[in-house]
file work.cif (mmCIF, C-alpha atoms)
data_input
loop_
_atom_site.label_atom_id
_atom_site.label_comp_id
_atom_site.auth_asym_id
_atom_site.auth_seq_id
_atom_site.Cartn_x
_atom_site.Cartn_y
_atom_site.Cartn_z
CA MET U 203 -11.23 -37.79 -15.55
CA LYS U 204 -13.57 -36.71 -12.77
CA THR U 205 -14.66 -33.10 -12.47
CA TYR U 206 -13.68 -31.52 -9.19
CA LYS U 207 -15.60 -28.66 -7.61
CA PHE U 208 -13.86 -27.19 -4.57
CA PRO U 209 -14.86 -23.52 -4.39
CA LYS U 210 -13.78 -23.42 -0.74
CA ILE U 211 -10.12 -24.31 -1.23
CA PRO U 212 -8.09 -21.41 0.23
CA GLU U 213 -5.84 -19.40 -2.09
CA ALA U 214 -2.75 -20.53 -0.15
CA THR U 215 -3.61 -24.19 -0.77
CA ILE U 216 -4.13 -23.59 -4.48
CA LYS U 217 -0.75 -21.92 -4.58
CA ARG U 218 0.82 -24.96 -2.95
CA LEU U 219 -0.99 -27.36 -5.30
CA SER U 220 0.49 -25.40 -8.20
CA ILE U 221 3.91 -25.83 -6.63
CA TYR U 222 3.37 -29.60 -6.20
CA ASN U 223 2.17 -29.72 -9.80
CA ARG U 224 5.36 -28.05 -11.03
CA ILE U 225 7.62 -30.31 -8.93
CA LEU U 226 5.77 -33.47 -9.96
CA ARG U 227 6.08 -32.49 -13.64
CA GLU U 228 9.84 -32.15 -13.15
CA LEU U 229 10.08 -35.48 -11.29
CA LYS U 230 8.09 -37.19 -14.05
CA ARG U 231 10.35 -35.63 -16.68
CA ASP U 232 13.35 -37.01 -14.76
CA GLY U 233 11.82 -40.50 -14.76
CA ILE U 234 11.09 -40.62 -11.02
CA GLU U 235 8.04 -42.76 -10.23
CA VAL U 236 7.61 -42.50 -6.46
CA VAL U 237 8.22 -39.55 -4.13
CA SER U 238 7.94 -39.19 -0.35
CA SER U 239 6.46 -36.19 1.45
CA SER U 240 9.89 -35.50 2.97
CA LYS U 241 11.41 -35.37 -0.53
CA LEU U 242 8.62 -33.04 -1.67
CA SER U 243 9.37 -30.95 1.41
CA GLU U 244 13.07 -30.83 0.58
CA ILE U 245 12.42 -29.70 -3.02
CA SER U 246 9.65 -27.21 -2.27
CA GLY U 247 10.85 -25.81 1.04
CA LEU U 248 7.35 -26.44 2.43
CA ASN U 249 6.70 -28.28 5.68
CA ALA U 250 6.29 -32.07 5.22
CA ALA U 251 3.30 -32.26 7.57
CA GLN U 252 1.65 -29.44 5.59
CA ILE U 253 2.25 -31.34 2.36
CA ARG U 254 0.73 -34.54 3.73
CA LYS U 255 -2.28 -32.55 4.97
CA ASP U 256 -2.75 -30.84 1.60
CA LEU U 257 -2.59 -34.09 -0.31
CA THR U 258 -4.93 -36.09 1.93
CA TYR U 259 -7.43 -33.24 1.71
CA PHE U 260 -8.36 -34.48 -1.75
CA GLY U 261 -8.22 -38.20 -1.07
CA GLU U 262 -5.60 -40.85 -0.49
CA PHE U 263 -2.89 -40.64 -3.10
CA GLY U 264 -0.13 -41.94 -0.87
CA VAL U 265 1.04 -45.41 0.09
CA ARG U 266 2.23 -45.59 3.67
CA GLY U 267 5.97 -46.18 3.95
CA VAL U 268 6.49 -45.86 0.19
CA GLY U 269 5.38 -42.40 -0.85
CA TYR U 270 3.24 -41.01 -3.60
CA PHE U 271 3.08 -42.35 -7.13
CA VAL U 272 4.27 -39.35 -9.11
CA ASN U 273 2.11 -39.84 -12.17
CA HIS U 274 -1.04 -40.70 -10.25
CA LEU U 275 -0.64 -37.73 -7.92
CA LEU U 276 0.15 -35.40 -10.83
CA GLU U 277 -2.97 -36.41 -12.75
CA ASN U 278 -5.13 -35.97 -9.65
CA ILE U 279 -3.70 -32.54 -8.86
CA LYS U 280 -4.16 -31.49 -12.47
CA GLY U 281 -7.77 -32.63 -12.20
CA ILE U 282 -8.25 -30.66 -9.00
CA LEU U 283 -6.65 -27.57 -10.52
CA GLY U 284 -8.81 -27.88 -13.63
CA ILE U 285 -5.72 -27.97 -15.84
CA ASN U 286 -6.16 -31.45 -17.25
CA LYS U 287 -7.47 -29.93 -20.45
CA GLN U 288 -6.57 -27.50 -23.20
CA TRP U 289 -7.19 -23.79 -22.79
CA ASN U 290 -7.32 -21.27 -25.61
CA LEU U 291 -5.81 -17.93 -24.61
CA ILE U 292 -5.30 -14.55 -26.19
CA LEU U 293 -2.55 -12.05 -25.44
CA ILE U 294 -2.88 -8.29 -25.67
CA GLY U 295 0.26 -6.18 -26.01
CA LEU U 296 3.13 -7.39 -28.19
CA GLY U 297 6.05 -5.66 -26.48
CA LYS U 298 9.11 -7.66 -25.43
CA LEU U 299 7.31 -9.40 -22.57
CA GLY U 300 4.34 -10.28 -24.80
CA GLN U 301 6.69 -11.67 -27.43
CA ALA U 302 8.58 -13.62 -24.77
CA LEU U 303 5.32 -15.25 -23.62
CA LEU U 304 4.43 -16.20 -27.21
CA SER U 305 7.71 -18.13 -27.32
CA TYR U 306 7.37 -19.62 -23.82
CA GLU U 307 7.11 -23.30 -24.78
CA ASN U 308 6.18 -24.47 -21.27
CA LEU U 309 2.78 -22.79 -21.59
CA ARG U 310 1.82 -24.79 -24.66
CA LYS U 311 3.22 -28.00 -23.17
CA GLN U 312 0.95 -27.53 -20.16
CA GLY U 313 -2.15 -27.03 -22.29
CA TYR U 314 -2.22 -23.23 -22.61
CA ASN U 315 -2.49 -22.31 -26.29
CA ILE U 316 -2.22 -18.66 -27.22
CA VAL U 317 -4.41 -18.60 -30.32
CA ALA U 318 -4.10 -14.90 -31.16
CA ALA U 319 -2.31 -11.73 -30.10
CA PHE U 320 -3.54 -8.13 -30.26
CA ASP U 321 -1.73 -4.84 -30.62
CA THR U 322 -2.38 -1.32 -31.86
CA ASP U 323 0.84 -1.12 -33.89
CA PRO U 324 0.02 -1.32 -37.64
CA GLU U 325 3.51 -2.73 -38.18
CA LYS U 326 2.56 -5.80 -36.14
CA ILE U 327 -1.09 -6.33 -37.15
CA GLY U 328 -1.44 -8.94 -39.91
CA LYS U 329 1.89 -10.58 -39.12
CA THR U 330 2.60 -13.69 -37.05
CA PHE U 331 4.93 -13.87 -34.02
CA GLY U 332 6.74 -16.53 -32.04
CA ILE U 333 7.71 -20.10 -32.79
CA ASN U 334 4.05 -21.06 -33.11
CA GLU U 335 3.35 -18.23 -35.59
CA VAL U 336 0.55 -16.65 -33.59
CA PRO U 337 -1.43 -14.16 -35.72
CA VAL U 338 -1.71 -10.52 -34.61
CA TYR U 339 -4.94 -8.52 -34.86
CA GLY U 340 -6.14 -5.04 -33.97
CA LEU U 341 -8.08 -4.64 -30.71
CA ASP U 342 -11.39 -4.43 -32.60
CA LYS U 343 -11.09 -8.16 -33.36
CA ILE U 344 -10.96 -9.26 -29.69
CA ASN U 345 -14.66 -10.05 -29.51
CA ASP U 346 -14.67 -12.16 -32.69
CA ILE U 347 -11.64 -14.22 -31.71
CA VAL U 348 -12.87 -14.83 -28.15
CA LYS U 349 -16.16 -16.18 -29.52
CA LYS U 350 -14.55 -18.20 -32.33
CA PHE U 351 -12.00 -20.00 -30.13
CA ASN U 352 -14.03 -20.07 -26.90
CA VAL U 353 -11.28 -18.11 -25.15
CA LYS U 354 -11.62 -18.02 -21.34
CA ILE U 355 -8.28 -16.50 -20.33
CA ALA U 356 -6.56 -13.36 -21.60
CA ILE U 357 -3.03 -12.14 -20.87
CA ILE U 358 -2.47 -8.38 -20.60
CA THR U 359 1.09 -7.31 -21.43
CA THR U 360 0.28 -3.76 -22.53
CA PRO U 361 1.71 -0.57 -21.04
CA ALA U 362 -0.02 0.27 -17.73
CA VAL U 363 -1.80 3.30 -19.18
CA VAL U 364 -3.99 1.30 -21.59
CA ALA U 365 -4.53 -1.85 -19.50
CA GLN U 366 -7.84 -0.68 -18.02
CA GLU U 367 -9.28 0.04 -21.46
CA VAL U 368 -8.16 -3.40 -22.64
CA LEU U 369 -9.85 -4.98 -19.61
CA LYS U 370 -13.13 -3.33 -20.62
CA ARG U 371 -12.94 -4.87 -24.09
CA LEU U 372 -12.17 -8.29 -22.58
CA GLU U 373 -15.16 -8.01 -20.25
CA GLU U 374 -17.40 -7.09 -23.17
CA ALA U 375 -16.12 -10.12 -25.08
CA GLY U 376 -17.00 -12.36 -22.12
CA VAL U 377 -13.52 -13.51 -21.07
CA ALA U 378 -13.60 -15.27 -17.67
CA GLY U 379 -10.12 -14.46 -16.37
CA VAL U 380 -7.28 -12.02 -16.95
CA ILE U 381 -3.63 -12.51 -16.06
CA ASN U 382 -2.27 -9.00 -15.81
CA PHE U 383 1.45 -8.32 -16.29
CA ALA U 384 0.91 -4.57 -16.70
CA PRO U 385 2.16 -2.80 -13.55
CA THR U 386 -1.19 -1.28 -12.61
CA LYS U 387 -4.30 -2.18 -10.65
CA LEU U 388 -7.32 -3.01 -12.80
CA THR U 389 -10.89 -2.26 -11.79
CA PRO U 390 -13.39 -4.74 -13.20
CA ASP U 391 -16.96 -3.81 -13.96
CA PRO U 392 -18.89 -4.93 -10.84
CA LYS U 393 -21.54 -6.47 -13.11
CA THR U 394 -19.06 -8.95 -14.60
CA LYS U 395 -17.52 -11.78 -12.63
CA ILE U 396 -14.20 -11.56 -14.41
CA LYS U 397 -11.24 -12.80 -12.36
CA ILE U 398 -8.01 -10.85 -12.38
CA SER U 399 -4.62 -12.06 -11.23
CA TYR U 400 -1.51 -9.91 -11.06
CA VAL U 401 1.98 -11.05 -11.94
CA ASP U 402 4.50 -8.79 -10.24
CA LEU U 403 8.00 -10.03 -10.93
CA VAL U 404 9.43 -7.64 -8.33
CA THR U 405 8.04 -9.98 -5.66
CA GLU U 406 10.53 -12.66 -6.73
CA PHE U 407 13.40 -10.22 -6.35
CA ASP U 408 12.17 -9.11 -2.93
CA LYS U 409 12.11 -12.73 -1.78
CA MET U 410 15.68 -13.29 -2.98
CA ALA U 411 16.90 -10.04 -1.39
CA PHE U 412 15.36 -11.19 1.87
CA LYS U 413 16.93 -14.65 1.68
CA ILE U 414 20.37 -13.16 1.14
CA THR U 415 19.99 -10.51 3.83
CA SER U 416 18.72 -12.93 6.47
CA ASP U 417 21.39 -15.56 5.79
CA MET P 194 17.25 2.06 9.25
CA LYS P 195 17.67 -0.91 11.56
CA THR P 196 19.03 -4.20 10.27
CA TYR P 197 16.65 -7.09 10.74
CA LYS P 198 17.79 -10.68 11.11
CA PHE P 199 14.95 -13.17 11.06
CA PRO P 200 16.32 -16.40 9.62
CA LYS P 201 13.37 -18.31 11.07
CA ILE P 202 10.61 -16.50 9.17
CA PRO P 203 8.72 -19.17 7.20
CA GLU P 204 8.73 -18.96 3.39
CA ALA P 205 4.93 -18.51 3.38
CA THR P 206 5.22 -15.43 5.62
CA ILE P 207 7.93 -13.92 3.42
CA LYS P 208 5.66 -14.47 0.44
CA ARG P 209 2.85 -12.62 2.22
CA LEU P 210 5.18 -9.78 3.29
CA SER P 211 6.11 -9.38 -0.38
CA ILE P 212 2.41 -9.18 -1.19
CA TYR P 213 1.83 -6.54 1.52
CA ASN P 214 4.86 -4.68 0.20
CA ARG P 215 3.40 -4.59 -3.31
CA ILE P 216 -0.06 -3.51 -2.11
CA LEU P 217 1.37 -0.82 0.17
CA ARG P 218 3.48 0.56 -2.70
CA GLU P 219 0.31 0.83 -4.78
CA LEU P 220 -1.64 2.49 -1.94
CA LYS P 221 1.19 4.97 -1.41
CA ARG P 222 1.27 5.72 -5.13
CA ASP P 223 -2.48 6.39 -4.98
CA GLY P 224 -2.00 8.84 -2.09
CA ILE P 225 -3.63 6.65 0.56
CA GLU P 226 -2.10 7.23 4.01
CA VAL P 227 -3.93 4.80 6.31
CA VAL P 228 -5.20 1.29 5.62
CA SER P 229 -7.12 -1.20 7.78
CA SER P 230 -6.41 -4.94 7.96
CA SER P 231 -9.85 -5.58 6.46
CA LYS P 232 -8.98 -3.38 3.49
CA LEU P 233 -5.65 -5.19 3.11
CA SER P 234 -7.62 -8.44 3.26
CA GLU P 235 -10.01 -7.26 0.56
CA ILE P 236 -7.19 -6.26 -1.79
CA SER P 237 -4.95 -9.27 -1.17
CA GLY P 238 -7.55 -11.99 -0.76
CA LEU P 239 -5.74 -13.03 2.43
CA ASN P 240 -7.50 -13.56 5.75
CA ALA P 241 -7.66 -10.37 7.89
CA ALA P 242 -6.71 -12.23 11.09
CA GLN P 243 -3.70 -13.70 9.28
CA ILE P 244 -2.65 -10.24 8.14
CA ARG P 245 -2.90 -8.79 11.66
CA LYS P 246 -0.89 -11.74 12.98
CA ASP P 247 1.81 -11.31 10.32
CA LEU P 248 2.17 -7.60 10.98
CA THR P 249 2.30 -7.80 14.77
CA TYR P 250 4.96 -10.49 14.44
CA PHE P 251 7.47 -7.76 13.69
CA GLY P 252 6.25 -5.15 16.14
CA GLU P 253 3.33 -2.80 16.48
CA PHE P 254 2.76 -0.88 13.26
CA GLY P 255 -0.99 -0.49 13.71
CA VAL P 256 -3.17 1.99 15.55
CA ARG P 257 -6.24 0.36 17.04
CA GLY P 258 -9.47 1.46 15.36
CA VAL P 259 -7.61 3.47 12.74
CA GLY P 260 -5.46 1.08 10.79
CA TYR P 261 -1.88 1.04 9.64
CA PHE P 262 0.05 4.07 8.45
CA VAL P 263 0.89 3.06 4.90
CA ASN P 264 4.28 4.72 4.67
CA HIS P 265 5.46 3.61 8.10
CA LEU P 266 4.36 0.02 7.50
CA LEU P 267 5.91 -0.02 4.03
CA GLU P 268 9.28 1.20 5.30
CA ASN P 269 9.27 -1.38 8.09
CA ILE P 270 8.35 -4.25 5.75
CA LYS P 271 11.05 -3.15 3.33
CA GLY P 272 13.49 -3.17 6.22
CA ILE P 273 12.42 -6.67 7.22
CA LEU P 274 12.67 -7.91 3.64
CA GLY P 275 16.11 -6.34 3.26
CA ILE P 276 14.95 -4.35 0.26
CA ASN P 277 15.40 -0.87 1.68
CA LYS P 278 18.61 -0.54 -0.28
CA GLN P 279 19.98 -0.72 -3.80
CA TRP P 280 21.01 -4.04 -5.33
CA ASN P 281 23.26 -4.45 -8.33
CA LEU P 282 22.18 -7.35 -10.54
CA ILE P 283 23.39 -9.03 -13.68
CA LEU P 284 21.31 -10.86 -16.27
CA ILE P 285 22.49 -13.79 -18.36
CA GLY P 286 20.65 -14.59 -21.59
CA LEU P 287 19.40 -11.79 -23.82
CA GLY P 288 16.48 -13.51 -25.50
CA LYS P 289 13.04 -11.89 -25.50
CA LEU P 290 12.43 -12.51 -21.81
CA GLY P 291 15.88 -11.16 -20.89
CA GLN P 292 15.27 -8.06 -22.97
CA ALA P 293 11.83 -7.64 -21.42
CA LEU P 294 13.39 -7.68 -17.93
CA LEU P 295 15.98 -5.07 -18.97
CA SER P 296 13.07 -2.78 -19.81
CA TYR P 297 10.99 -3.66 -16.73
CA GLU P 298 11.00 -0.27 -15.03
CA ASN P 299 9.44 -1.52 -11.78
CA LEU P 300 12.64 -3.39 -10.96
CA ARG P 301 14.78 -0.26 -11.04
CA LYS P 302 12.14 1.72 -9.15
CA GLN P 303 12.28 -0.85 -6.36
CA GLY P 304 16.06 -0.69 -6.08
CA TYR P 305 17.09 -3.53 -8.42
CA ASN P 306 19.61 -2.22 -10.92
CA ILE P 307 20.70 -4.53 -13.71
CA VAL P 308 24.24 -3.26 -14.28
CA ALA P 309 25.24 -5.65 -17.06
CA ALA P 310 23.89 -8.39 -19.30
CA PHE P 311 25.70 -11.41 -20.74
CA ASP P 312 25.17 -13.43 -23.88
CA THR P 313 27.12 -15.65 -26.24
CA ASP P 314 25.80 -13.96 -29.40
CA PRO P 315 28.58 -11.84 -31.00
CA GLU P 316 25.85 -9.65 -32.52
CA LYS P 317 24.77 -8.59 -29.01
CA ILE P 318 28.13 -8.38 -27.20
CA GLY P 319 29.45 -4.83 -27.09
CA LYS P 320 26.02 -3.26 -27.62
CA THR P 321 23.62 -1.83 -25.05
CA PHE P 322 20.01 -2.93 -24.54
CA GLY P 323 16.87 -1.58 -22.92
CA ILE P 324 15.80 1.90 -21.85
CA ASN P 325 18.68 2.07 -19.37
CA GLU P 326 21.24 1.09 -22.02
CA VAL P 327 22.62 -1.90 -20.16
CA PRO P 328 25.94 -3.06 -21.68
CA VAL P 329 26.28 -6.63 -22.96
CA TYR P 330 29.39 -8.77 -22.39
CA GLY P 331 30.55 -12.29 -23.18
CA LEU P 332 30.26 -14.88 -20.39
CA ASP P 333 34.01 -14.65 -19.69
CA LYS P 334 33.42 -11.20 -18.16
CA ILE P 335 30.97 -12.40 -15.47
CA ASN P 336 33.63 -12.66 -12.78
CA ASP P 337 35.04 -9.15 -13.42
CA ILE P 338 31.64 -7.45 -13.42
CA VAL P 339 30.43 -9.27 -10.30
CA LYS P 340 33.53 -8.09 -8.42
CA LYS P 341 33.48 -4.55 -9.82
CA PHE P 342 29.83 -3.84 -8.98
CA ASN P 343 29.54 -6.08 -5.89
CA VAL P 344 26.77 -8.05 -7.58
CA LYS P 345 24.85 -10.35 -5.22
CA ILE P 346 21.94 -11.45 -7.43
CA ALA P 347 21.97 -12.85 -10.97
CA ILE P 348 19.03 -13.50 -13.27
CA ILE P 349 19.21 -16.51 -15.60
CA THR P 350 17.10 -16.15 -18.75
CA THR P 351 19.11 -18.49 -20.95
CA PRO P 352 17.79 -21.57 -22.73
CA ALA P 353 17.41 -24.49 -20.31
CA VAL P 354 20.27 -26.44 -21.84
CA VAL P 355 22.98 -23.94 -20.83
CA ALA P 356 21.55 -22.76 -17.49
CA GLN P 357 23.55 -25.24 -15.39
CA GLU P 358 26.84 -24.14 -16.97
CA VAL P 359 25.92 -20.50 -16.34
CA LEU P 360 25.16 -21.32 -12.70
CA LYS P 361 28.67 -22.75 -12.36
CA ARG P 362 30.21 -19.49 -13.59
CA LEU P 363 28.02 -17.49 -11.19
CA GLU P 364 29.09 -19.68 -8.27
CA GLU P 365 32.74 -19.21 -9.20
CA ALA P 366 32.21 -15.45 -9.31
CA GLY P 367 30.70 -15.54 -5.80
CA VAL P 368 27.13 -14.50 -6.55
CA ALA P 369 24.87 -15.06 -3.52
CA GLY P 370 21.54 -15.71 -5.23
CA VAL P 371 20.13 -16.71 -8.61
CA ILE P 372 16.64 -16.05 -9.92
CA ASN P 373 16.14 -18.71 -12.57
CA PHE P 374 13.64 -18.19 -15.38
CA ALA P 375 15.08 -21.05 -17.46
CA PRO P 376 12.65 -23.99 -17.37
CA THR P 377 15.05 -26.43 -15.75
CA LYS P 378 16.18 -27.48 -12.31
CA LEU P 379 19.65 -26.24 -11.32
CA THR P 380 22.01 -28.16 -9.10
CA PRO P 381 24.27 -25.91 -7.06
CA ASP P 382 27.73 -26.96 -5.98
CA PRO P 383 27.23 -28.28 -2.40
CA LYS P 384 30.31 -26.31 -1.32
CA THR P 385 28.70 -22.97 -2.19
CA LYS P 386 25.75 -21.55 -0.30
CA ILE P 387 24.21 -20.01 -3.40
CA LYS P 388 20.44 -19.58 -3.21
CA ILE P 389 18.29 -20.41 -6.22
CA SER P 390 14.71 -19.40 -6.80
CA TYR P 391 12.61 -20.53 -9.73
CA VAL P 392 10.14 -18.38 -11.59
CA ASP P 393 7.65 -20.62 -13.37
CA LEU P 394 5.02 -18.51 -15.09
CA VAL P 395 2.90 -21.59 -15.77
CA THR P 396 1.95 -21.55 -12.07
CA GLU P 397 0.04 -18.31 -12.61
CA PHE P 398 -1.90 -19.86 -15.46
CA ASP P 399 -2.69 -22.95 -13.39
CA LYS P 400 -4.10 -20.77 -10.61
CA MET P 401 -6.31 -18.89 -13.06
CA ALA P 402 -7.50 -22.12 -14.70
CA PHE P 403 -8.43 -23.40 -11.26
CA LYS P 404 -10.28 -20.21 -10.31
CA ILE P 405 -12.36 -20.37 -13.47
CA THR P 406 -13.04 -24.11 -13.20
CA SER P 407 -14.12 -23.95 -9.57
CA ASP P 408 -16.38 -20.93 -10.00
#
call {"tool": "encode", "arguments": {"input": "work.cif", "output": "structure tokens"}}
result
Amino acid sequence: MKTYKFPKIPEATIKRLSIYNRILRELKRDGIEVVSSSKLSEISGLNAAQIRKDLTYFGEFGVRGVGYFVNHLLENIKGILGINKQWNLILIGLGKLGQALLSYENLRKQGYNIVAAFDTDPEKIGKTFGINEVPVYGLDKINDIVKKFNVKIAIITTPAVVAQEVLKRLEEAGVAGVINFAPTKLTPDPKTKIKISYVDLVTEFDKMAFKITSD
Amino acid sequence: MKTYKFPKIPEATIKRLSIYNRILRELKRDGIEVVSSSKLSEISGLNAAQIRKDLTYFGEFGVRGVGYFVNHLLENIKGILGINKQWNLILIGLGKLGQALLSYENLRKQGYNIVAAFDTDPEKIGKTFGINEVPVYGLDKINDIVKKFNVKIAIITTPAVVAQEVLKRLEEAGVAGVINFAPTKLTPDPKTKIKISYVDLVTEFDKMAFKITSD
């Protein structure tokens, strides 16, 4: 698989590529081999012309009058998104949401392996959680595990009040990116280049409330 | 508060309004009263010209050379998004993710009240869950609760294999929208106008993998 380097791709395009990726995975699962841009538009709610533009941006994956080959397009988008490989992840904060993510099979299926979880609760440390029996450590082991498993991505599912402190430990361990579920803004050390993304589930509810109100 | 009716607002704009809404909530929480489009751009990663365009689309909330009044803009965006009111929700499927959502305080703070949860497990039915002690019922009570509390939005956190059957019950009860966390596509009855949105957490991981790979 080729390595793609597109540092200039806008955030909105990446978002759409992730959407195409998800839809194509579902089509593949359903045994569908070819899909048109109008069908992709119908499923995604995105404009068909926008979809064609996005997909030609990275080369010609389409066949005029036929559509896109699902598997071929999926593999190319995965290559572009850098997700055509395995990632080792850690998770910090074993509350209900943390435990739910440990059991979220879709993550593992898509190449995201949570290799260890961290918590401060002595009742949890030393045990394993989730269907994949992920081991739980104290926060002092973050550095060791990150080095041992070459962990690039960490998931924060702690209470908001400790998330910043956890971020500091992750920066010290050399993690490249953090997906933050804690409902608080995190301030990275300006000397590190750590990337932080925020998952705010309320946004999904706002979108639904709007759809219903405007109908 | 005025009622806004903008059925033609594109999905991408709604998504951005939700992002502004989240950022403005955080700014308000931090005591910040005025914000410029360039600051909003810095926080959101969105283009400043795009932000100004989005916000003027709905009227003039800005003061030239000063910025936007955070509270005023927030209230207007909430009005546009239809989220300046309380919503009663139900949740179906009390696994770990369902339980995590029952304890997700940000939902309640933003006006989304989960009034009841539903499960098939006799060990859970009749009990209450989460910090707000949400009662749990069998699926046969969906219709009654939806009517009693005027529920418009339902959250599906069941296993994929039963999600379609649950959707059918929700349609029969007259729910207007479903937020689906189950990793499966749902097919609504064409006679209903029920709206379905999908929350796929893998998308967030794909975006982070891409950011790290392209850096």
call {"tool": "axis_aligned_box", "arguments": {"input": "work.cif", "around": "stretch 232-239 of chain U", "padding_each_side": "5 Å", "output": "AutoDock Vina command-line options"}}
result
--center_x 9.9 --center_y -39.5 --center_z -6.7 --size_x 16.9 --size_y 16.6 --size_z 26.2
call {"tool": "interface_residues", "arguments": {"input": "work.cif", "of": "chain P", "to": "chain U", "cutoff": "7 Å", "atoms": "only C-alpha atoms", "output": "PyMOL selection string"}}
result
chain P and resi 198-200+207+211+274-276+289-290+292-293+300+369-370+395-396+399-403+405-408
call {"tool": "residues_around", "arguments": {"input": "work.cif", "residues": "U:Glu325", "least_positions_apart": "3", "cutoff": "12 Å", "atoms": "all atoms listed in the file", "output": "PyMOL selection string"}}
result
chain U and resi 296+320-322+328-331+338-340
call {"tool": "atom_distance", "arguments": {"input": "work.cif", "atom1": "atom CA of P:Asn343", "atom2": "atom CA of P:Gly367"}}
result
9.5 Å
call {"tool": "closest_residue", "arguments": {"input": "work.cif", "among": "P:Leu360, P:Ile335, P:Ile285, P:Val228", "to": "P:Asp314", "atoms": "only C-alpha atoms"}}
result
P:Ile285
call {"tool": "atom_distance", "arguments": {"input": "work.cif", "atom1": "atom CA of U:Gly332", "atom2": "atom CA of U:Val364"}}
result
23.3 Å
call {"tool": "closest_residue", "arguments": {"input": "work.cif", "among": "U:Ile279, U:Leu372, U:Ala319, U:Ile358", "to": "U:Asn334", "atoms": "only C-alpha atoms"}}
result
U:Ala319
call {"tool": "residues_around", "arguments": {"input": "work.cif", "residues": "U:Ile316", "least_positions_apart": "4", "cutoff": "8 Å", "atoms": "only C-alpha atoms", "output": "count of residues only"}}
result
7
call {"tool": "atom_distance", "arguments": {"input": "work.cif", "atom1": "atom CA of P:Val354", "atom2": "atom CA of P:Leu379"}}
result
10.5 Å
call {"tool": "decode", "arguments": {"input": "work.cif", "residues": "stretch 362-366 of chain U", "atoms": "all heavy atoms", "output": "short mmCIF file (atom, residue, chain, number, x, y, z; two decimals), in the first residue's frame"}}
result
data_model
loop_
_atom_site.label_atom_id
_atom_site.label_comp_id
_atom_site.auth_asym_id
_atom_site.auth_seq_id
_atom_site.Cartn_x
_atom_site.Cartn_y
_atom_site.Cartn_z
N ALA U 362 -13.74 15.21 34.25
CA ALA U 362 -13.15 16.43 33.70
C ALA U 362 -12.02 16.97 34.59
O ALA U 362 -10.99 17.43 34.08
CB ALA U 362 -14.24 17.50 33.54
N VAL U 363 -12.18 16.87 35.88
CA VAL U 363 -11.27 17.53 36.83
C VAL U 363 -9.85 16.97 36.79
O VAL U 363 -8.90 17.67 37.12
CB VAL U 363 -11.87 17.50 38.26
CG1 VAL U 363 -11.90 16.09 38.80
CG2 VAL U 363 -11.15 18.44 39.19
N VAL U 364 -9.67 15.74 36.34
CA VAL U 364 -8.31 15.17 36.30
C VAL U 364 -7.76 15.04 34.88
O VAL U 364 -6.61 14.63 34.69
CB VAL U 364 -8.25 13.78 36.98
CG1 VAL U 364 -8.53 13.90 38.47
CG2 VAL U 364 -9.20 12.79 36.34
N ALA U 365 -8.56 15.42 33.88
CA ALA U 365 -8.15 15.18 32.48
C ALA U 365 -6.87 15.92 32.11
O ALA U 365 -6.00 15.39 31.41
CB ALA U 365 -9.29 15.57 31.54
N GLN U 366 -6.73 17.16 32.61
CA GLN U 366 -5.54 17.94 32.28
C GLN U 366 -4.26 17.29 32.83
O GLN U 366 -3.23 17.24 32.15
CB GLN U 366 -5.69 19.37 32.83
CG GLN U 366 -4.52 20.30 32.54
CD GLN U 366 -4.35 20.62 31.06
OE1 GLN U 366 -5.31 20.82 30.34
NE2 GLN U 366 -3.11 20.62 30.59
#
